[in-house]
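Coordinates from upload-v5.csv are shown below (CSV, C-alpha atoms and all ligand atoms).
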```csv
chain,number,residue,atom,x,y,z
A,1,MET,CA,-96.1,-158.0,40.2
A,2,GLY,CA,-93.8,-159.9,37.9
A,3,CYS,CA,-90.6,-161.7,37.3
A,4,LEU,CA,-89.6,-163.4,40.6
A,5,MET,CA,-92.3,-165.0,42.6
A,6,GLU,CA,-93.7,-163.2,45.6
A,7,LYS,CA,-94.3,-164.9,48.9
A,8,SER,CA,-97.8,-165.9,47.9
A,9,LYS,CA,-96.3,-169.3,46.9
A,10,PHE,CA,-98.5,-169.6,43.8
A,11,PHE,CA,-97.3,-168.8,40.3
A,12,SER,CA,-98.9,-165.7,38.8
A,13,ASP,CA,-98.9,-164.0,35.5
A,14,GLU,CA,-95.4,-162.5,34.6
A,15,ASP,CA,-93.6,-164.7,37.2
A,16,LEU,CA,-90.5,-166.5,35.9
A,17,VAL,CA,-90.7,-170.3,36.2
A,18,LEU,CA,-88.0,-173.0,35.9
A,19,LEU,CA,-89.1,-176.2,34.1
A,20,ILE,CA,-87.1,-179.3,34.8
A,21,PRO,CA,-87.9,-182.5,32.7
A,22,LEU,CA,-88.8,-185.3,35.1
A,23,ASN,CA,-87.1,-188.2,33.3
A,24,THR,CA,-83.7,-186.7,32.5
A,25,GLU,CA,-80.8,-185.1,34.3
A,26,LYS,CA,-79.7,-183.2,31.2
A,27,ILE,CA,-79.1,-179.7,32.3
A,28,LYS,CA,-79.6,-178.3,28.8
A,29,ASP,CA,-83.2,-179.6,28.7
A,30,ARG,CA,-84.2,-177.2,31.5
A,31,HIS,CA,-86.0,-174.0,30.6
A,32,VAL,CA,-86.8,-170.7,32.3
A,33,ILE,CA,-89.9,-168.9,30.9
A,34,GLN,CA,-92.0,-165.9,31.9
A,35,LEU,CA,-95.6,-166.7,32.4
A,36,HIS,CA,-98.2,-164.9,30.2
A,37,SER,CA,-101.8,-166.0,30.5
A,38,GLY,CA,-103.1,-167.5,27.3
A,39,GLU,CA,-99.6,-168.3,25.8
A,40,LYS,CA,-98.0,-171.6,25.0
A,41,PHE,CA,-94.4,-172.9,25.4
A,42,HIS,CA,-93.1,-175.4,23.0
A,43,THR,CA,-90.5,-178.0,24.3
A,44,LYS,CA,-89.0,-180.9,22.4
A,45,ASN,CA,-91.3,-183.0,24.5
A,46,GLY,CA,-94.6,-181.2,23.6
A,47,MET,CA,-96.4,-178.0,24.4
A,48,ILE,CA,-97.2,-176.5,27.8
A,49,LEU,CA,-100.0,-174.0,28.4
A,50,HIS,CA,-98.9,-171.1,30.7
A,51,ASP,CA,-102.4,-171.3,32.2
A,52,ASP,CA,-101.6,-174.8,33.4
A,53,ILE,CA,-98.8,-173.3,35.6
A,54,ILE,CA,-100.5,-170.1,36.8
A,55,GLY,CA,-102.1,-170.8,40.2
A,56,LYS,CA,-99.9,-173.8,40.9
A,57,THR,CA,-97.3,-174.0,43.7
A,58,PRO,CA,-93.6,-174.5,43.0
A,59,GLY,CA,-92.8,-178.2,42.9
A,60,SER,CA,-95.9,-179.0,40.9
A,61,ILE,CA,-95.9,-181.4,38.0
A,62,ILE,CA,-96.9,-179.9,34.7
A,63,SER,CA,-97.7,-182.1,31.7
A,64,THR,CA,-97.2,-181.3,28.0
A,65,HIS,CA,-99.9,-182.0,25.5
A,66,ILE,CA,-98.3,-185.4,24.8
A,67,GLY,CA,-98.1,-186.3,28.5
A,68,PHE,CA,-94.4,-185.6,29.2
A,69,ASN,CA,-93.9,-184.3,32.7
A,70,TYR,CA,-91.9,-181.3,33.9
A,71,ILE,CA,-91.4,-180.0,37.5
A,72,ALA,CA,-92.2,-176.2,37.8
A,73,LEU,CA,-90.0,-174.3,40.3
A,74,ASP,CA,-89.3,-170.7,41.1
A,75,PRO,CA,-85.8,-170.1,39.5
A,76,THR,CA,-82.8,-168.8,41.3
A,77,LEU,CA,-80.5,-166.2,39.7
A,78,LYS,CA,-78.1,-169.0,38.4
A,79,ASP,CA,-81.1,-170.7,36.7
A,80,ILE,CA,-82.1,-167.4,35.1
A,81,ILE,CA,-78.6,-166.8,33.8
A,82,LYS,CA,-78.2,-170.3,32.4
A,83,HIS,CA,-81.6,-171.2,31.1
A,84,TYR,CA,-83.5,-168.0,30.3
A,85,PRO,CA,-83.1,-167.1,26.6
A,86,LYS,CA,-83.7,-163.5,27.3
A,87,PHE,CA,-80.4,-163.4,29.3
A,88,ARG,CA,-77.9,-163.0,26.4
A,89,TYR,CA,-74.1,-163.7,26.7
A,90,LYS,CA,-71.7,-161.5,24.8
A,91,THR,CA,-68.8,-162.3,27.2
A,92,GLN,CA,-67.4,-164.8,29.7
A,93,ILE,CA,-69.1,-164.2,33.0
A,94,ILE,CA,-68.1,-164.6,36.6
A,95,TYR,CA,-69.6,-168.1,37.2
A,96,PRO,CA,-72.1,-168.8,40.0
A,97,ARG,CA,-69.6,-171.3,41.5
A,98,ASP,CA,-67.4,-168.4,42.5
A,99,TRP,CA,-70.1,-166.0,43.7
A,100,GLY,CA,-70.2,-167.4,47.3
A,101,LEU,CA,-66.4,-167.4,47.6
A,102,ILE,CA,-66.3,-163.8,46.5
A,103,MET,CA,-69.1,-162.8,48.8
A,104,ALA,CA,-67.5,-164.5,51.9
A,105,PHE,CA,-64.0,-163.1,51.4
A,106,SER,CA,-64.9,-159.6,50.2
A,107,GLY,CA,-67.4,-159.1,53.0
A,108,ILE,CA,-69.9,-157.5,50.6
A,109,LYS,CA,-73.1,-156.6,52.4
A,110,ASN,CA,-76.4,-154.8,52.2
A,111,GLY,CA,-76.0,-151.1,51.5
A,112,ASP,CA,-72.5,-151.2,50.1
A,113,LEU,CA,-71.2,-148.7,47.6
A,114,ILE,CA,-69.7,-150.8,44.7
A,115,VAL,CA,-67.7,-150.1,41.6
A,116,GLU,CA,-67.5,-152.9,39.0
A,117,ILE,CA,-65.0,-152.7,36.2
A,118,GLY,CA,-66.1,-154.8,33.2
A,119,THR,CA,-69.9,-155.1,33.1
A,120,GLY,CA,-69.8,-157.6,30.3
A,121,SER,CA,-73.1,-159.5,30.1
A,122,GLY,CA,-74.2,-158.1,33.5
A,123,ALA,CA,-74.3,-161.6,35.2
A,124,PHE,CA,-72.1,-160.5,38.2
A,125,THR,CA,-73.9,-157.1,38.3
A,126,ALA,CA,-77.2,-159.0,38.8
A,127,PHE,CA,-75.6,-161.0,41.7
A,128,LEU,CA,-74.2,-157.9,43.3
A,129,SER,CA,-77.5,-156.1,42.9
A,130,ASN,CA,-79.3,-158.9,44.9
A,131,ILE,CA,-76.7,-158.7,47.7
A,132,ILE,CA,-76.5,-155.0,48.3
A,133,GLY,CA,-80.3,-154.5,48.1
A,134,PRO,CA,-82.1,-151.2,47.6
A,135,GLU,CA,-79.8,-149.3,50.1
A,136,GLY,CA,-76.7,-150.1,48.1
A,137,LYS,CA,-75.4,-148.8,44.8
A,138,ILE,CA,-73.3,-150.2,41.9
A,139,PHE,CA,-71.5,-148.1,39.4
A,140,SER,CA,-70.5,-150.6,36.6
A,141,TYR,CA,-68.0,-149.5,33.9
A,142,GLU,CA,-68.2,-151.0,30.4
A,143,VAL,CA,-66.1,-149.7,27.6
A,144,ASP,CA,-68.1,-151.4,24.8
A,145,PRO,CA,-71.5,-149.6,24.2
A,146,ASP,CA,-73.0,-152.7,22.6
A,147,ARG,CA,-72.2,-154.9,25.6
A,148,ALA,CA,-73.5,-152.2,28.0
A,149,ARG,CA,-76.9,-152.2,26.1
A,150,ILE,CA,-77.2,-156.0,26.3
A,151,ALA,CA,-76.2,-156.0,30.0
A,152,GLU,CA,-78.9,-153.4,30.7
A,153,GLU,CA,-81.5,-155.7,29.0
A,154,ASN,CA,-80.2,-158.7,30.8
A,155,LEU,CA,-80.5,-156.9,34.1
A,156,ARG,CA,-84.0,-155.9,33.4
A,157,ASN,CA,-84.8,-159.5,32.4
A,158,THR,CA,-83.3,-160.9,35.7
A,159,CYS,CA,-85.5,-158.4,37.5
A,160,SER,CA,-82.7,-157.0,39.5
A,161,THR,CA,-83.4,-154.1,41.9
A,162,LYS,CA,-82.6,-150.8,40.0
A,163,ASN,CA,-79.6,-150.1,42.3
A,164,TYR,CA,-77.0,-150.1,39.5
A,165,ILE,CA,-75.8,-147.6,36.9
A,166,ILE,CA,-73.9,-148.8,33.9
A,167,LYS,CA,-71.4,-146.2,32.7
A,168,ILE,CA,-70.1,-146.5,29.1
A,169,LYS,CA,-66.5,-145.5,29.9
A,170,ASN,CA,-63.0,-147.0,29.9
A,171,ALA,CA,-62.0,-147.3,33.5
A,172,GLU,CA,-58.4,-146.6,32.5
A,173,ASP,CA,-59.5,-143.0,32.0
A,174,GLY,CA,-60.6,-142.7,35.6
A,175,ILE,CA,-63.3,-143.7,38.0
A,176,ASP,CA,-65.6,-140.9,39.1
A,177,GLU,CA,-66.7,-142.3,42.5
A,178,ARG,CA,-64.9,-141.9,45.8
A,179,GLY,CA,-65.2,-143.6,49.2
A,180,VAL,CA,-66.2,-146.9,47.5
A,181,ASP,CA,-66.5,-150.0,49.7
A,182,ILE,CA,-65.5,-152.6,47.1
A,183,VAL,CA,-64.1,-152.5,43.5
A,184,PHE,CA,-64.7,-155.7,41.5
A,185,ILE,CA,-62.5,-156.0,38.4
A,186,ASP,CA,-63.1,-158.5,35.6
A,187,VAL,CA,-61.2,-157.2,32.5
A,188,PRO,CA,-58.4,-158.7,30.5
A,189,GLU,CA,-55.8,-156.2,31.7
A,190,PRO,CA,-56.6,-155.5,35.4
A,191,TRP,CA,-53.2,-153.9,36.1
A,192,ARG,CA,-54.2,-151.0,33.9
A,193,VAL,CA,-57.2,-150.0,36.1
A,194,LEU,CA,-55.7,-150.8,39.5
A,195,ARG,CA,-54.5,-147.3,40.2
A,196,ASN,CA,-57.9,-145.8,39.5
A,197,ALA,CA,-59.5,-148.5,41.6
A,198,TRP,CA,-57.2,-147.6,44.5
A,199,GLN,CA,-58.1,-143.9,44.2
A,200,ALA,CA,-61.9,-144.8,44.2
A,201,LEU,CA,-61.7,-146.9,47.4
A,202,ARG,CA,-62.2,-145.7,50.9
A,203,PHE,CA,-59.4,-146.6,53.3
A,204,GLY,CA,-59.9,-150.3,54.3
A,205,GLY,CA,-62.0,-150.8,51.1
A,206,GLN,CA,-61.5,-154.0,49.2
A,207,VAL,CA,-60.5,-154.8,45.7
A,208,VAL,CA,-61.4,-158.1,44.1
A,209,VAL,CA,-59.9,-159.1,40.8
A,210,TYR,CA,-61.2,-162.1,38.7
A,211,ILE,CA,-58.4,-163.6,36.7
A,212,PRO,CA,-58.5,-166.6,34.3
A,213,THR,CA,-54.7,-167.2,33.7
A,214,PHE,CA,-51.4,-167.4,35.5
A,215,ASN,CA,-49.8,-164.8,33.2
A,216,GLN,CA,-52.4,-162.2,34.2
A,217,LEU,CA,-52.2,-163.2,37.8
A,218,GLN,CA,-48.5,-162.6,38.1
A,219,LYS,CA,-48.7,-159.2,36.5
A,220,THR,CA,-51.7,-158.1,38.6
A,221,LEU,CA,-50.1,-159.2,41.8
A,222,LYS,CA,-46.9,-157.3,41.2
A,223,VAL,CA,-48.9,-154.1,40.5
A,224,MET,CA,-51.2,-154.5,43.4
A,225,LEU,CA,-48.3,-154.9,45.8
A,226,LEU,CA,-46.6,-151.8,44.5
A,227,TYR,CA,-49.8,-149.6,44.4
A,228,GLY,CA,-50.3,-150.1,48.1
A,229,PHE,CA,-52.9,-152.8,48.4
A,230,ILE,CA,-52.3,-154.7,51.7
A,231,ASP,CA,-53.6,-158.0,53.1
A,232,VAL,CA,-53.4,-159.4,49.5
A,233,SER,CA,-54.5,-163.0,48.9
A,234,VAL,CA,-55.3,-165.2,46.0
A,235,LYS,CA,-57.9,-167.9,46.1
A,236,GLU,CA,-59.4,-170.5,43.8
A,237,GLY,CA,-62.7,-172.3,44.4
A,238,PHE,CA,-63.0,-176.1,43.8
A,239,ILE,CA,-66.4,-177.5,43.3
A,240,ARG,CA,-67.2,-181.1,42.4
A,241,ASP,CA,-70.7,-182.3,41.5
A,242,PHE,CA,-71.6,-185.8,42.6
A,243,GLN,CA,-73.9,-188.2,40.8
A,244,ILE,CA,-77.1,-188.8,42.8
A,245,LYS,CA,-77.2,-192.6,42.6
A,246,PRO,CA,-77.3,-194.2,46.1
A,247,TYR,CA,-75.8,-197.4,44.7
A,248,ALA,CA,-72.9,-195.6,43.1
A,249,VAL,CA,-72.0,-192.4,44.9
A,250,ARG,CA,-69.0,-190.7,43.5
A,251,PRO,CA,-68.0,-187.5,41.8
A,252,LYS,CA,-69.3,-187.0,38.3
A,253,ILE,CA,-66.7,-187.8,35.7
A,254,LYS,CA,-67.4,-184.8,33.5
A,255,GLY,CA,-67.3,-181.3,35.0
A,256,TYR,CA,-65.7,-177.9,34.9
A,257,TYR,CA,-62.6,-177.9,37.0
A,258,PHE,CA,-61.3,-174.4,36.7
A,259,SER,CA,-62.9,-171.0,36.4
A,260,ALA,CA,-60.5,-168.3,37.6
A,261,PHE,CA,-58.1,-167.1,40.3
A,262,ILE,CA,-59.7,-164.5,42.6
A,263,VAL,CA,-57.4,-161.9,44.1
A,264,PHE,CA,-58.4,-159.9,47.2
A,265,GLY,CA,-56.6,-156.9,48.7
A,266,ARG,CA,-57.4,-153.8,50.8
A,267,LYS,CA,-56.5,-150.2,50.7
A,268,GLY,CA,-54.3,-149.2,53.6
A,269,THR,CA,-52.4,-146.0,54.5
A,270,PHE,CA,-48.9,-147.6,54.1
A,271,ILE,CA,-47.1,-150.2,52.0
A,272,PRO,CA,-44.9,-152.7,54.0
A,273,ILE,CA,-41.3,-152.4,52.8
A,274,LYS,CA,-41.1,-156.2,52.5
A,275,GLN,CA,-44.0,-156.0,50.0
A,276,ILE,CA,-42.3,-153.4,47.8
A,277,LYS,CA,-39.1,-155.4,47.8
A,278,GLU,CA,-40.9,-158.5,46.8
A,279,ALA,CA,-42.7,-156.8,44.0
A,280,LEU,CA,-39.6,-155.0,42.7
A,281,LYS,CA,-37.6,-158.2,42.3
A,282,ASN,CA,-36.9,-159.0,38.7
A,283,LEU,CA,-38.1,-155.6,37.4
A,284,ASN,CA,-35.8,-153.8,35.0
A,285,LYS,CA,-34.6,-150.3,35.8
A,286,LYS,CA,-37.1,-148.6,33.5
A,287,GLN,CA,-40.1,-150.3,35.0
A,288,GLU,CA,-38.8,-149.6,38.5
A,289,GLY,CA,-38.6,-145.9,37.7
A,290,SER,CA,-42.1,-145.7,36.4
A,291,ILE,CA,-43.5,-147.4,39.4
A,292,CYS,CA,-41.5,-145.6,42.1
A,293,HIS,CA,-42.5,-142.1,40.9
A,294,ARG,CA,-45.1,-142.0,43.7
A,295,LYS,CA,-43.9,-139.9,46.7
A,296,ILE,CA,-43.6,-142.2,49.7
A,297,LYS,CA,-42.1,-141.3,53.1
A,298,ARG,CA,-39.9,-144.1,54.2
A,299,LYS,CA,-39.9,-145.4,57.7
A,300,GLU,CA,-38.1,-148.3,59.2
A,301,HIS,CA,-40.7,-150.9,58.5
A,302,SER,CA,-43.0,-149.4,56.0
A,303,ALA,CA,-43.5,-146.8,53.3
A,304,PHE,CA,-46.3,-144.4,54.2
A,305,LEU,CA,-48.5,-143.1,51.4
A,306,PHE,CA,-49.8,-140.2,53.5
B,401,LIG,C1,-65.2,-160.8,31.0
B,401,LIG,S1,-66.2,-159.5,30.7
B,401,LIG,C2,-67.0,-159.2,32.2
B,401,LIG,C3,-68.1,-160.2,32.5
B,401,LIG,C4,-68.9,-159.8,33.8
B,401,LIG,N1,-68.1,-159.9,35.0
B,401,LIG,C5,-70.1,-160.8,33.9
B,401,LIG,O1,-70.1,-161.6,34.9
B,401,LIG,O2,-71.0,-160.7,33.1
B,401,LIG,C6,-65.1,-158.2,30.5
B,401,LIG,C7,-65.7,-156.9,30.1
B,401,LIG,O3,-64.9,-155.8,30.4
B,401,LIG,C8,-64.9,-154.8,29.4
B,401,LIG,N2,-63.7,-154.0,29.6
B,401,LIG,C9,-62.4,-154.4,29.2
B,401,LIG,N3,-61.5,-153.4,29.6
B,401,LIG,C10,-62.3,-152.4,30.2
B,401,LIG,C11,-61.9,-151.1,30.7
B,401,LIG,N4,-60.7,-150.7,30.8
B,401,LIG,N5,-62.9,-150.4,31.2
B,401,LIG,C12,-64.2,-150.8,31.2
B,401,LIG,N6,-64.6,-152.0,30.6
B,401,LIG,C13,-63.6,-152.8,30.1
B,401,LIG,C14,-65.0,-155.6,28.1
B,401,LIG,O4,-65.6,-154.9,27.1
B,401,LIG,C15,-65.9,-156.8,28.6
B,401,LIG,O5,-67.2,-156.6,28.3
```

Transcribe the structure of this file into structure tokens.
Amino acid sequence: MGCLMEKSKFFSDEDLVLLIPLNTEKIKDRHVIQLHSGEKFHTKNGMILHDDIIGKTPGSIISTHIGFNYIALDPTLKDIIKHYPKFRYKTQIIYPRDWGLIMAFSGIKNGDLIVEIGTGSGAFTAFLSNIIGPEGKIFSYEVDPDRARIAEENLRNTCSTKNYIIKIKNAEDGIDERGVDIVFIDVPEPWRVLRNAWQALRFGGQVVVYIPTFNQLQKTLKVMLLYGFIDVSVKEGFIRDFQIKPYAVRPKIKGYYFSAFIVFGRKGTFIPIKQIKEALKNLNKKQEGSICHRKIKRKEHSAFLF
């Protein structure tokens, strides 16, 4: 037992619980805590006894010792990442607002074999871990040992299924796995690892690259097209929060309006000639030489890699 509530529908010792203050919409006043019988939790609105939550159903009102009310709910992964102090950030993460878009367009599913390049804080690893379930496997590459250690702790604290292995390794030096269904890339210089990603993927496998700036996007696209990724597309997710006031329904004035560009592509057995021509436009001779060293048999409409 522990961490995320089981189907019993009553909070038990070691469950995580989300506490939402009843009289304010301030997101920063929310808390996620782990229940331990006999312990207390101090909020700025007074103290809560863990034993007052244990045995209650999600949705119950819990009062502090000075009578301030909180709603107790079972947290989702996004709540844990945002409000649980034991989830520590050392890096930017792939934000929950993009998780759904990535899931829909990458086709990730239960049982998939995944490579992730750039574990960072492990937020996206936790999401992937939930999606692929116990049948799937994630090999997550992180070059910084300190970040890898924190990500391990974070993943333990989000109670993810142990279907992941964090490898302390620079993905530029190679990816050990083969026949991979999807490679997710979230590093500052994705173009440096795309070739290794291509080699790791099975034919038809997907690459997904998370990119925060236009400069990185342009460079990444060029390299992806030349390395033989097909069916390439770039997407951006727009999300607007609305204020929940029936007399004044409109989007909230403050919000986050940009997170990243998300590039999708698949590994095929050929590169369309049109794609190569597009990508080679504006390259100087030296760059052209280094990219065209791959042996490709030219046909009328496409360049075959095999
Ligand atoms: C933006 S963070 C990833 C955040 C992660 N996606 C999340 O949601 O928590 C990028 C991480 O990639 C790592 N990194 C950068 N280049 C790398 C490489 N070539 N191989 C492995 N890791 C790399 C960095 O050390 C950093 O921790």

Residues within 8 Å of ligand LIG 401 (chain B), counting all atoms listed in the file, as a PyMOL selection string: chain A and resi 89-95+117-125+141-144+147-148+151+168-173+185-190+192-193

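Atom CA of A:Gln199 to atom CA of A:Gly179 spans 8.7 Å [interatomic distance, one decimal].
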
Sorted by chain and rising residue number, which residues of stretch 199-247 of chain A lie within 7 Å of stretch 271-276 of chain A, and what are their closest atom pairs and distances in Å to one decimal, counting all atoms listed in the file, as CSV?
```
residue,atom,partner,partner_atom,distance
A:Leu225,CA,A:Gln275,CA,6.1
A:Leu226,CA,A:Ile276,CA,5.7
A:Gly228,CA,A:Ile271,CA,5.0
A:Ile230,CA,A:Ile271,CA,6.9
```

Give me, as an MDAnalysis selection string, all polymer residues having an atom no more than 8 Å from A:Ala200, counting only C-alpha atoms and skipping those fewer than 6 positions away in the same chain. chainID A and resid 175:180

For A:Ile131, which residue out of A:Asp112, A:Asp79, A:Asp74, A:Glu152 is the nearest one, using only C-alpha atoms?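 Distance minimum relative to A:Ile131 lands on A:Asp112.
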
Between A:Ile81, A:Val207, A:Ile102, A:Leu22, which one has atoms that come closest to A:Ser63, using only C-alpha atoms?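 For A:Ser63, the nearest of the given residues is A:Leu22.
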
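A cut-off of 12 Å from the point (-67.9, -184.0, 35.6), with only C-alpha atoms, picks out the residues A:Ile239, A:Arg240, A:Asp241, A:Phe242, A:Gln243, A:Arg250, A:Pro251, A:Lys252, A:Ile253, A:Lys254, A:Gly255, A:Tyr256, A:Tyr257, A:Phe258.
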
Among A:Asn215, A:Leu73, A:Met47, A:Glu39, A:Lys9 is approached most closely, using all atoms listed in the file, by A:Leu73

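Between atom CA of A:Ile262 and atom CA of A:Leu217 there is a distance of 9.0 Å.
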